[in-house]
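**Student:** Structure supplied as data_2.cif; contents: mmCIF, C-alpha atoms.
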data_entry
#
loop_
_atom_site.label_atom_id
_atom_site.label_comp_id
_atom_site.auth_asym_id
_atom_site.auth_seq_id
_atom_site.Cartn_x
_atom_site.Cartn_y
_atom_site.Cartn_z
CA MET A 1 -0.76 -35.21 12.98
CA PRO A 2 1.31 -32.63 11.04
CA THR A 3 2.09 -29.28 12.70
CA THR A 4 0.67 -26.01 11.42
CA SER A 5 4.07 -25.08 10.00
CA CYS A 6 4.29 -28.42 8.23
CA GLN A 7 0.79 -28.06 6.81
CA TRP A 8 1.68 -24.67 5.36
CA ARG A 9 4.93 -25.92 3.84
CA CYS A 10 3.05 -28.84 2.35
CA LEU A 11 0.53 -26.50 0.79
CA LEU A 12 3.29 -24.37 -0.73
CA GLY A 13 5.01 -27.51 -1.96
CA LEU A 14 1.87 -28.70 -3.69
CA LEU A 15 1.50 -25.33 -5.39
CA CYS A 16 5.08 -25.50 -6.61
CA LEU A 17 4.55 -29.03 -7.88
CA THR A 18 1.40 -27.93 -9.68
CA TRP A 19 3.41 -25.28 -11.51
CA LEU A 20 6.04 -27.85 -12.44
CA TRP A 21 3.45 -30.36 -13.67
CA THR A 22 2.03 -27.78 -16.06
CA ALA A 23 5.44 -27.76 -17.79
CA GLY A 24 6.64 -24.38 -18.92
CA GLU A 25 6.26 -23.59 -22.60
CA ALA A 26 9.59 -23.06 -24.29
CA GLY A 27 9.93 -19.46 -25.39
CA PHE A 28 6.62 -18.44 -23.80
CA LEU A 29 7.85 -15.11 -22.47
CA GLU A 30 9.77 -14.19 -25.62
CA ASP A 31 6.78 -15.04 -27.81
CA HIS A 32 4.22 -13.08 -25.77
CA PHE A 33 6.02 -9.98 -24.45
CA PRO A 34 8.32 -7.31 -25.93
CA ALA A 35 12.02 -7.57 -25.14
CA SER A 36 11.95 -4.12 -23.53
CA VAL A 37 9.27 -5.27 -21.06
CA LEU A 38 11.23 -8.41 -20.19
CA GLU A 39 14.25 -6.21 -19.52
CA GLU A 40 12.23 -3.97 -17.18
CA ALA A 41 10.88 -7.04 -15.41
CA GLU A 42 14.37 -7.61 -14.01
CA LEU A 43 14.75 -4.08 -12.61
CA SER A 44 14.22 -2.72 -9.11
CA THR A 45 12.43 0.56 -8.39
CA PRO A 46 15.68 2.57 -8.43
CA GLN A 47 16.75 0.87 -11.66
CA LEU A 48 13.40 1.67 -13.30
CA LEU A 49 13.86 5.34 -12.43
CA ALA A 50 17.35 5.32 -13.91
CA ARG A 51 16.17 3.51 -17.06
CA HIS A 52 13.67 6.28 -17.77
CA ASN A 53 16.13 9.06 -16.89
CA TYR A 54 14.41 10.26 -13.73
CA PRO A 55 16.63 11.47 -10.86
CA GLY A 56 16.56 8.95 -8.04
CA GLU A 57 17.84 8.73 -4.50
CA LEU A 58 17.77 6.02 -1.83
CA HIS A 59 16.94 7.07 1.73
CA ALA A 60 17.06 4.89 4.83
CA VAL A 61 14.71 5.86 7.66
CA THR A 62 14.82 4.25 11.10
CA THR A 63 11.60 4.13 13.11
CA GLU A 64 11.13 4.55 16.86
CA ASP A 65 10.90 0.76 17.22
CA ASN A 66 14.11 0.21 15.21
CA TYR A 67 12.80 -0.93 11.83
CA VAL A 68 14.84 0.41 8.91
CA LEU A 69 12.76 1.53 5.92
CA GLN A 70 13.93 2.28 2.41
CA VAL A 71 12.44 5.25 0.58
CA HIS A 72 12.89 5.92 -3.13
CA ARG A 73 12.90 9.59 -4.03
CA ILE A 74 12.30 11.09 -7.46
CA ALA A 75 14.31 14.11 -6.45
CA ARG A 76 13.30 17.65 -7.26
CA PRO A 77 15.15 19.65 -4.56
CA GLY A 78 13.30 22.75 -3.46
CA ALA A 79 9.93 21.57 -4.76
CA LYS A 80 7.00 20.75 -2.52
CA PRO A 81 7.16 17.17 -1.22
CA VAL A 82 4.57 14.46 -1.72
CA LEU A 83 4.74 11.06 -0.01
CA LEU A 84 3.21 7.94 -1.60
CA MET A 85 2.50 4.72 0.35
CA HIS A 86 1.64 1.44 -1.37
CA GLY A 87 -0.86 -1.26 -0.45
CA LEU A 88 -0.56 -4.76 1.02
CA LEU A 89 2.09 -6.99 -0.62
CA ASP A 90 3.13 -4.04 -2.77
CA SER A 91 6.09 -1.67 -2.86
CA SER A 92 7.31 1.68 -4.11
CA ALA A 93 7.39 0.20 -7.61
CA THR A 94 3.60 0.30 -7.89
CA TRP A 95 3.66 4.06 -8.52
CA ILE A 96 6.07 3.87 -11.48
CA MET A 97 6.20 0.35 -12.93
CA MET A 98 3.55 1.02 -15.58
CA GLY A 99 5.89 3.56 -17.14
CA PRO A 100 6.32 7.35 -17.41
CA HIS A 101 3.12 7.77 -19.43
CA SER A 102 0.99 6.04 -16.80
CA GLY A 103 2.56 5.94 -13.31
CA LEU A 104 1.32 8.42 -10.71
CA GLY A 105 4.83 8.91 -9.33
CA TYR A 106 6.06 10.15 -12.69
CA PHE A 107 2.95 12.28 -13.17
CA LEU A 108 3.48 14.11 -9.89
CA TYR A 109 7.19 14.63 -10.59
CA ASP A 110 6.43 16.02 -14.05
CA ALA A 111 3.88 18.34 -12.41
CA GLY A 112 6.69 19.88 -10.38
CA TYR A 113 6.76 17.85 -7.15
CA ASP A 114 9.52 16.27 -5.08
CA VAL A 115 8.21 12.69 -4.98
CA TRP A 116 8.95 10.25 -2.17
CA LEU A 117 7.99 6.59 -2.72
CA ALA A 118 7.77 4.81 0.63
CA ASN A 119 8.18 1.14 1.48
CA ALA A 120 6.44 -0.29 4.53
CA ARG A 121 8.28 -2.56 6.94
CA GLY A 122 8.61 -6.15 5.82
CA ASN A 123 8.48 -5.66 2.07
CA ARG A 124 11.47 -6.48 -0.13
CA TYR A 125 12.99 -3.02 0.22
CA SER A 126 12.35 -2.50 3.93
CA ARG A 127 13.65 -5.64 5.62
CA GLY A 128 16.15 -3.82 7.81
CA HIS A 129 16.22 -3.65 11.61
CA VAL A 130 18.72 -2.33 14.11
CA GLU A 131 18.80 -5.66 15.98
CA LEU A 132 16.55 -8.31 14.39
CA ASN A 133 17.21 -10.44 11.32
CA PRO A 134 14.03 -11.02 9.27
CA ASN A 135 15.41 -14.34 8.03
CA THR A 136 16.00 -15.83 11.48
CA ASP A 137 14.12 -13.80 14.11
CA LYS A 138 10.39 -14.42 14.21
CA ALA A 139 10.02 -11.38 16.46
CA TYR A 140 10.75 -9.23 13.41
CA TRP A 141 7.40 -10.24 11.88
CA SER A 142 5.29 -9.41 14.94
CA PHE A 143 3.57 -6.43 13.36
CA SER A 144 0.45 -5.57 11.41
CA TRP A 145 -0.54 -2.41 9.55
CA HIS A 146 -1.12 -0.85 12.97
CA GLU A 147 2.65 -0.55 13.43
CA ILE A 148 3.01 0.75 9.87
CA GLY A 149 0.63 3.55 10.81
CA TYR A 150 1.90 4.19 14.32
CA TYR A 151 5.65 3.96 13.62
CA ASP A 152 6.47 3.89 9.89
CA LEU A 153 4.42 6.80 8.63
CA PRO A 154 5.44 9.28 11.35
CA ALA A 155 9.10 8.40 10.79
CA LEU A 156 8.73 8.80 7.03
CA ILE A 157 6.89 12.11 7.31
CA ASP A 158 9.44 13.52 9.73
CA ALA A 159 12.32 12.39 7.51
CA VAL A 160 10.83 13.97 4.38
CA LEU A 161 10.05 17.25 6.12
CA SER A 162 13.49 17.35 7.73
CA LYS A 163 15.21 16.74 4.40
CA THR A 164 13.13 19.22 2.41
CA GLY A 165 12.68 21.95 5.03
CA TYR A 166 8.93 22.16 4.46
CA PRO A 167 6.48 22.19 7.41
CA LYS A 168 3.89 20.07 5.55
CA LEU A 169 3.63 17.50 2.79
CA SER A 170 0.86 15.93 0.73
CA TYR A 171 0.10 12.22 1.00
CA PHE A 172 -1.17 9.54 -1.36
CA GLY A 173 -2.06 6.10 -0.08
CA HIS A 174 -3.47 3.08 -1.86
CA SER A 175 -5.45 0.42 0.04
CA GLN A 176 -3.28 -0.48 3.07
CA GLY A 177 -1.59 2.88 2.54
CA THR A 178 -4.92 4.48 3.47
CA THR A 179 -5.55 2.16 6.43
CA SER A 180 -2.18 2.95 7.94
CA PHE A 181 -2.76 6.68 7.49
CA PHE A 182 -6.07 6.50 9.37
CA VAL A 183 -4.22 4.65 12.15
CA MET A 184 -1.54 7.33 12.33
CA ALA A 185 -3.89 10.31 12.16
CA SER A 186 -6.18 8.89 14.86
CA THR A 187 -3.54 7.59 17.30
CA ARG A 188 -0.96 10.33 16.75
CA PRO A 189 -3.23 13.26 15.85
CA GLU A 190 -0.41 15.82 15.96
CA TYR A 191 0.58 14.53 12.51
CA ASN A 192 -2.63 15.88 10.97
CA ALA A 193 -1.04 19.33 11.10
CA LYS A 194 1.79 18.09 8.84
CA ILE A 195 -0.53 17.07 5.97
CA HIS A 196 -1.83 19.42 3.27
CA VAL A 197 -4.24 16.79 1.97
CA MET A 198 -4.43 13.00 2.16
CA SER A 199 -5.52 11.32 -1.09
CA ALA A 200 -7.04 7.92 -0.30
CA LEU A 201 -7.10 5.58 -3.30
CA ALA A 202 -9.33 2.55 -2.70
CA PRO A 203 -9.63 3.38 1.03
CA VAL A 204 -9.89 0.49 3.47
CA ALA A 205 -11.20 0.85 7.04
CA PHE A 206 -14.55 -0.88 7.50
CA MET A 207 -14.81 -4.20 5.66
CA SER A 208 -18.12 -5.87 6.46
CA ASN A 209 -19.35 -5.51 2.86
CA VAL A 210 -16.22 -6.83 1.13
CA GLU A 211 -17.26 -9.13 -1.70
CA SER A 212 -14.08 -10.97 -2.69
CA PRO A 213 -14.81 -14.70 -2.91
CA LEU A 214 -11.26 -15.31 -1.67
CA VAL A 215 -11.97 -13.87 1.79
CA ALA A 216 -13.36 -17.17 3.07
CA LEU A 217 -10.31 -18.97 1.69
CA GLY A 218 -8.13 -16.36 3.37
CA HIS A 219 -9.67 -17.12 6.76
CA ARG A 220 -8.83 -20.83 6.37
CA LEU A 221 -5.32 -20.30 5.04
CA LEU A 222 -4.33 -17.70 7.62
CA LYS A 223 -5.62 -19.92 10.41
CA ALA A 224 -3.17 -22.55 9.22
CA VAL A 225 -0.31 -20.08 8.75
CA GLY A 226 -0.61 -18.45 12.15
CA GLU A 227 0.67 -15.16 13.52
CA GLY A 228 4.01 -13.51 12.89
CA GLN A 229 4.96 -15.33 9.69
CA GLU A 230 6.56 -13.87 6.59
CA LEU A 231 4.30 -14.26 3.58
CA LEU A 232 4.90 -14.08 -0.16
CA PRO A 233 8.29 -12.34 -0.29
CA HIS A 234 9.10 -13.51 -3.80
CA ALA A 235 7.90 -12.68 -7.28
CA LEU A 236 5.28 -14.93 -8.89
CA ASN A 237 7.56 -16.24 -11.61
CA GLY A 238 5.54 -19.44 -11.68
CA CYS A 239 2.71 -17.48 -13.27
CA LEU A 240 4.88 -16.94 -16.34
CA LEU A 241 5.72 -20.55 -17.15
CA SER A 242 3.00 -20.97 -19.73
CA GLU A 243 -0.30 -19.59 -20.98
CA ARG A 244 -2.07 -21.96 -18.61
CA THR A 245 -0.25 -20.76 -15.49
CA LEU A 246 -0.68 -17.14 -16.52
CA GLN A 247 -4.43 -17.45 -17.00
CA THR A 248 -4.72 -19.28 -13.67
CA CYS A 249 -2.95 -16.45 -11.86
CA LEU A 250 -5.07 -13.83 -13.62
CA TYR A 251 -8.22 -15.72 -12.63
CA TYR A 252 -7.32 -15.49 -8.96
CA MET A 253 -6.22 -11.88 -9.30
CA TRP A 254 -9.65 -10.95 -10.67
CA LYS A 255 -11.30 -12.88 -7.85
CA LEU A 256 -9.35 -10.79 -5.38
CA LEU A 257 -9.47 -7.32 -6.93
CA GLY A 258 -12.51 -7.32 -9.21
CA LYS A 259 -12.39 -8.23 -12.90
CA ASN A 260 -11.68 -5.55 -15.50
CA PRO A 261 -9.43 -6.79 -18.32
CA ALA A 262 -10.16 -3.67 -20.40
CA GLU A 263 -8.08 -1.51 -18.02
CA PHE A 264 -5.32 -4.06 -17.48
CA ASN A 265 -2.21 -3.55 -19.59
CA GLU A 266 -1.33 -7.19 -20.26
CA THR A 267 1.89 -6.18 -21.98
CA MET A 268 3.27 -5.19 -18.57
CA ILE A 269 2.45 -8.52 -16.86
CA PRO A 270 6.10 -9.60 -16.47
CA VAL A 271 6.93 -6.30 -14.73
CA ILE A 272 3.92 -6.63 -12.42
CA MET A 273 4.70 -10.24 -11.57
CA HIS A 274 8.29 -9.28 -10.77
CA HIS A 275 7.27 -6.65 -8.23
CA VAL A 276 4.10 -8.16 -6.75
CA PRO A 277 3.97 -9.74 -4.24
CA ALA A 278 6.70 -7.91 -2.33
CA GLY A 279 6.26 -9.58 1.07
CA ALA A 280 4.34 -8.91 4.28
CA SER A 281 3.62 -10.30 7.73
CA SER A 282 0.74 -12.71 8.19
CA ASN A 283 -0.50 -10.34 10.93
CA GLN A 284 -1.34 -7.74 8.29
CA PHE A 285 -3.72 -10.20 6.62
CA LEU A 286 -5.08 -11.42 9.94
CA HIS A 287 -5.81 -7.85 11.06
CA TYR A 288 -7.87 -7.21 7.92
CA LEU A 289 -9.74 -10.48 8.37
CA GLN A 290 -10.51 -9.43 11.94
CA LEU A 291 -12.07 -6.21 10.62
CA HIS A 292 -14.16 -8.19 8.15
CA LYS A 293 -15.43 -10.51 10.88
CA SER A 294 -15.98 -7.92 13.63
CA ASP A 295 -17.53 -5.14 11.52
CA ARG A 296 -15.26 -2.65 13.35
CA PHE A 297 -12.23 -0.50 12.52
CA CYS A 298 -10.10 -1.34 15.50
CA ALA A 299 -6.68 -2.37 16.78
CA TYR A 300 -5.31 -5.90 16.45
CA ASP A 301 -7.19 -8.57 18.39
CA HIS A 302 -4.69 -10.64 20.38
CA GLY A 303 -7.36 -12.57 22.28
CA GLU A 304 -9.10 -11.50 25.48
CA LYS A 305 -6.26 -12.24 27.89
CA GLU A 306 -3.58 -10.49 25.85
CA ASN A 307 -5.96 -7.64 24.96
CA GLN A 308 -6.47 -7.03 28.65
CA ARG A 309 -2.74 -6.79 29.16
CA ILE A 310 -2.07 -4.55 26.15
CA TYR A 311 -5.21 -2.42 25.98
CA GLY A 312 -6.64 -2.75 29.48
CA GLN A 313 -9.86 -4.21 28.06
CA ALA A 314 -11.09 -7.49 26.61
CA GLN A 315 -11.79 -6.13 23.13
CA PRO A 316 -9.35 -4.15 20.96
CA PRO A 317 -10.15 -0.41 20.98
CA GLU A 318 -11.71 1.38 18.02
CA TYR A 319 -9.62 3.83 16.03
CA LEU A 320 -11.13 7.26 16.67
CA LEU A 321 -11.63 8.48 13.11
CA GLU A 322 -12.99 11.76 14.43
CA LYS A 323 -9.38 12.66 15.21
CA VAL A 324 -8.40 12.46 11.52
CA THR A 325 -8.63 16.22 10.99
CA ALA A 326 -6.35 16.47 7.95
CA PRO A 327 -8.22 17.11 4.68
CA VAL A 328 -9.05 13.75 3.12
CA ALA A 329 -9.90 13.10 -0.53
CA LEU A 330 -11.40 9.68 -1.23
CA TYR A 331 -11.27 7.94 -4.62
CA TYR A 332 -13.07 4.62 -4.96
CA THR A 333 -14.76 2.38 -7.49
CA GLN A 334 -17.86 0.23 -7.93
CA ASN A 335 -16.23 -3.06 -8.94
CA ASP A 336 -13.72 -3.23 -6.10
CA TYR A 337 -13.84 -6.57 -4.27
CA LEU A 338 -11.75 -5.23 -1.37
CA THR A 339 -13.24 -1.75 -0.91
CA ALA A 340 -17.04 -1.83 -0.90
CA VAL A 341 -18.92 1.39 -1.65
CA LYS A 342 -21.11 0.91 1.45
CA ASP A 343 -18.02 0.63 3.64
CA VAL A 344 -16.50 3.79 2.16
CA LYS A 345 -19.77 5.69 2.72
CA ARG A 346 -19.66 4.58 6.34
CA LEU A 347 -16.07 5.81 6.58
CA ILE A 348 -17.04 9.17 5.09
CA LYS A 349 -19.65 9.68 7.80
CA ARG A 350 -16.96 9.22 10.46
CA LEU A 351 -14.26 11.42 8.96
CA PRO A 352 -14.60 15.09 9.98
CA ASN A 353 -12.80 16.73 7.05
CA VAL A 354 -13.66 14.97 3.77
CA VAL A 355 -12.88 17.38 0.93
CA GLU A 356 -13.45 15.04 -2.02
CA ASP A 357 -15.92 12.15 -2.24
CA HIS A 358 -15.07 10.71 -5.65
CA LEU A 359 -16.89 7.53 -6.67
CA TYR A 360 -15.79 6.79 -10.23
CA GLU A 361 -18.64 6.36 -12.69
CA TYR A 362 -16.84 3.62 -14.60
CA MET A 363 -18.75 0.56 -13.47
CA LYS A 364 -15.95 -1.97 -14.04
CA TRP A 365 -13.06 -0.13 -12.43
CA ASN A 366 -11.58 -2.31 -9.68
CA HIS A 367 -9.25 -2.08 -6.66
CA ILE A 368 -6.11 -1.30 -8.66
CA ASP A 369 -7.32 0.48 -11.81
CA MET A 370 -6.72 4.02 -10.56
CA VAL A 371 -3.08 3.03 -9.96
CA TRP A 372 -2.27 0.63 -12.84
CA GLY A 373 -5.19 1.21 -15.21
CA ILE A 374 -4.66 2.06 -18.87
CA SER A 375 -6.94 5.10 -18.50
CA ALA A 376 -5.67 6.24 -15.08
CA ARG A 377 -3.55 9.06 -16.52
CA ARG A 378 -6.49 10.48 -18.42
CA MET A 379 -9.43 9.67 -16.13
CA ALA A 380 -8.04 9.78 -12.58
CA GLN A 381 -4.74 11.55 -12.12
CA PRO A 382 -5.69 15.07 -13.36
CA ARG A 383 -8.46 15.42 -10.76
CA MET A 384 -6.17 14.09 -8.02
CA LEU A 385 -3.61 16.73 -8.95
CA GLU A 386 -6.27 19.46 -8.99
CA VAL A 387 -7.44 18.56 -5.48
CA LEU A 388 -3.84 18.34 -4.27
CA GLN A 389 -3.00 21.79 -5.59
CA THR A 390 -6.18 23.32 -4.17
CA TYR A 391 -5.59 22.21 -0.59
CA GLU A 392 -1.85 22.59 -0.77
CA ALA A 393 -2.48 26.27 -1.55
CA GLY A 394 -4.71 26.54 1.51
CA LYS A 395 -7.85 27.00 -0.53
CA ALA A 396 -11.25 25.39 -0.05
CA ALA A 397 -13.01 23.83 -3.02
CA ASN A 398 -14.87 27.10 -3.62
CA GLY A 399 -11.60 29.03 -3.80
CA THR A 400 -11.86 30.72 -0.41
CA ASP A 401 -9.07 30.57 2.15
CA LEU A 402 -9.19 27.63 4.50
CA ILE A 403 -9.58 28.51 8.17
CA THR A 404 -7.95 26.05 10.53
CA THR A 405 -9.42 26.09 14.02
CA GLN A 406 -7.30 23.32 15.49
CA SER A 407 -4.00 24.22 17.11
CA VAL A 408 -0.81 23.08 15.44
CA GLU A 409 1.14 20.94 17.83
CA ARG A 410 4.86 20.97 17.42
CA THR A 411 6.65 17.67 17.69
CA THR A 412 9.14 18.15 20.47
CA GLU A 413 10.94 14.89 20.05
CA THR A 414 11.66 12.54 17.19
CA SER A 415 13.72 9.40 17.03
CA THR A 416 13.74 9.29 13.23
CA ARG A 417 17.20 8.78 11.76
CA GLU A 418 17.68 9.22 8.05
CA THR A 419 20.51 8.53 5.60
CA VAL A 420 20.66 9.08 1.87
CA ASN A 421 22.46 7.65 -1.13
CA PRO A 422 22.07 8.62 -4.79
CA ILE A 423 20.86 5.87 -7.08
CA ASP A 424 23.58 4.37 -9.22
CA GLU A 425 22.49 4.00 -12.80
#
Would you kindly transcribe this structure into structure tokens?
**Tutor:**
Amino acid sequence: MPTTSCQWRCLLGLLCLTWLWTAGEAGFLEDHFPASVLEEAELSTPQLLARHNYPGELHAVTTEDNYVLQVHRIARPGAKPVLLMHGLLDSSATWIMMGPHSGLGYFLYDAGYDVWLANARGNRYSRGHVELNPNTDKAYWSFSWHEIGYYDLPALIDAVLSKTGYPKLSYFGHSQGTTSFFVMASTRPEYNAKIHVMSALAPVAFMSNVESPLVALGHRLLKAVGEGQELLPHALNGCLLSERTLQTCLYYMWKLLGKNPAEFNETMIPVIMHHVPAGASSNQFLHYLQLHKSDRFCAYDHGEKENQRIYGQAQPPEYLLEKVTAPVALYYTQNDYLTAVKDVKRLIKRLPNVVEDHLYEYMKWNHIDMVWGISARRMAQPRMLEVLQTYEAGKAANGTDLITTQSVERTTETSTRETVNPIDE
């Protein structure tokens, strides 16, 4: 009987063979996409910034548990900092790859901000570690989004504030970028005092009402894959072999995110497929599937015996959302297969400082439209900026001064180490 590892390799092999059997159409890319888009499809996040004449820097940040993260900065020295964190299988590119007239990263920079585009551990830009090699050491991949929240975000926040000299920053997270923030703010509550406002795009915490038809398939696949495995580190170039492969990939994308072709800029497909997926640990997927099954927002379930050793109890503990005292603005949609409205409403009831409850009226907007959507610049980003500026200025929605009753705890110790290099054009 084949091993789990063998079964997974066989499955990947069959997928590769399927792509080969469809036979790529000669000249397919050149016939369907502009040359300028195909050129951008070969560029990294720093190279995209340079191509569009935005000032870029590379920063390396080392976490308390020795992971080395890469941050891409759209540098505006002296301006107020804003930190953006991507979702699962994504990267810093998500905030800019749709171009200067659409990307939120560009929008915030043009509005006068010093923009920091983070990369979570394990994606293509953040594969560093002081001791472990991600290509040979399985121990490297023994993390979920819990560690991203508990280690990565505090290190990133401290590095940005240290570099800029500001006591606070503003935060944008998409999908997993919201989950990890809720982990950080509930388990390390002193970091709430370092946040002007947290903007949660397609927030994910509770998942019992998730509607994606691929969730059941995910349970079966991840059971075969197992824990602590690297998943999907490479671009989906197989999707661009022919019209048939492209439409197959789009079919599954809609099944995962919610279908809305009207907001999807198909011209940019080669750029998207180059950057997504960007890699992750199988534990990140497994942790989400655990939430879906348990109807809880809680730490990773290692099994009763290991839970007892790690947590001192048989079941993983709940994240105490009542400790998330930073102002939180939530933006969510009605056709999102990964963020159900009912689950967000449940989250809102638990969060003590919700300053914006923004359910978009556009019935077909999905999980990614407020980030990649054709209308995002016009229909989403201006309000996000307005809320950001309001709470950054210390004003409530009615214009009155905010009164903070909680004490501000100073961080007395940090193990964050940060280096910087300018981006070479």
**Student:** Applying 8 Å and all atoms listed in the file, which residues near region 43-46 of chain A remain after dropping the ones on its own chain fewer than 5 positions away? List them as a VMD selection string.
**Tutor:** chain A and resid 56 to 58 72 92 to 93 96 to 97 423
**Student:** Find the residue from A:Val344, A:Asn53, A:His174, A:Cys249 that sits nearest to Leu201 (chain A); use all atoms listed in the file when measuring.
**Tutor:** A:His174
**Student:** Selected by the PyMOL selection byres ((chain A and resi 206) around 8) in the shown coordinates: which residues, as a list in words?
**Tutor:** Val204, Ala205, Met207, Ser208, Leu291, His292, Asp295, Arg296, Phe297, Asp343, Val344, Arg346 and Leu347 of chain A
**Student:** For Glu304 (chain A), please output as a list in words all residues within 9 Å (counting only C-alpha atoms; exclusion window: fewer than 4 positions along the same chain).
**Tutor:** Gln308, Arg309, Gln313, Ala314, Gln315 and Pro316 of chain A
**Student:** Of the candidates A:Ser212, A:Thr339, A:Ser281, A:Asn66, which one gets nearest to Leu89 (chain A) if we count all atoms listed in the file?
**Tutor:**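 Comparing A:Ser212, A:Thr339, A:Ser281, A:Asn66 against Leu89 (chain A), the winner is A:Ser281.
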**Student:** Counting only C-alpha atoms, which residues have an atom no more than 7 Å from (4.6, 19.7, 11.1) in the file's coordinates? Please list them as a ChimeraX atom specification.
**Tutor:** /A:167-168,191,193-194,410
**Student:** Please produce a file of the residues just selected, as a compact mmCIF listing (two decimals), in the frame of the given file, where the atoms kept are C-alpha atoms.
**Tutor:**
# COMPACT_ATOMS: atom_id res chain seq x y z
CA PRO A 167 6.48 22.19 7.41
CA LYS A 168 3.89 20.07 5.55
CA TYR A 191 0.58 14.53 12.51
CA ALA A 193 -1.04 19.33 11.10
CA LYS A 194 1.79 18.09 8.84
CA ARG A 410 4.86 20.97 17.42
**Student:** Name the closest residue to His129 (chain A) among the candidates A:Glu266, A:Asp110, A:Glu227, A:Glu64; distances are taken between atoms, counting only C-alpha atoms.
**Tutor:**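 Between A:Glu266, A:Asp110, A:Glu227, A:Glu64, the residue approaching His129 (chain A) most closely is A:Glu64.
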**Student:** Of the candidates A:Ala202, A:Val276, A:Leu161, A:Leu153, which one gets nearest to Trp365 (chain A) if we count only C-alpha atoms?
**Tutor:**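 Among A:Ala202, A:Val276, A:Leu161, A:Leu153, it is A:Ala202 that comes nearest to Trp365 (chain A).
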**Student:** With all atoms listed in the file counted, which protein, DNA or RNA residues have an atom no more than 12 Å from (-0.8, 6.3, 2.3) in the file frame? Please answer as an MDAnalysis selection string.
**Tutor:** chainID A and resid 82:88 91:92 95 116:120 145 148:149 152:154 156:157 170:185 195 197:204 328:330
**Student:** Compile the contact shell of Ala299 (chain A) as a list in words: residues with an atom at most 8 Å away, counting all atoms listed in the file, same-chain residues fewer than 6 positions apart removed.
**Tutor:**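 Contacts, in chain order: His146, His287, Pro316, Pro317, Glu318 and Tyr319 of chain A.
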**Student:** Give me, please, the distance in Å between CA of Gln229 (chain A) and CA of Ser282 (chain A), quoted to one decimal.
**Tutor:**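 Interatomic distance, CA of Gln229 (chain A) to CA of Ser282 (chain A): 5.2 Å.
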**Student:** A:Leu241, A:Leu232, A:Lys163, A:Met98: which is nearest Leu29 (chain A), counting only C-alpha atoms?
**Tutor:**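 Closest to Leu29 (chain A) of all the choices is A:Leu241.
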**Student:** With all atoms listed in the file as the atoms that count, which of A:Thr248, A:Thr136, A:Thr62, A:Thr94 lies nearest to Pro277 (chain A)?
**Tutor:**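 Of A:Thr248, A:Thr136, A:Thr62, A:Thr94, the one nearest Pro277 (chain A), counting all atoms listed in the file, is A:Thr94.
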**Student:** When you draw a straight line from CA of Pro100 (chain A) to CA of Arg383 (chain A), how long is it in Å?
**Tutor:**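 Taking CA of Pro100 (chain A) and CA of Arg383 (chain A), their separation equals 18.1 Å.
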**Student:** Hey, can you check how far CA of His52 (chain A) sits from CA of Asp114 (chain A)?
**Tutor:**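 These atoms are spaced 16.7 Å apart.
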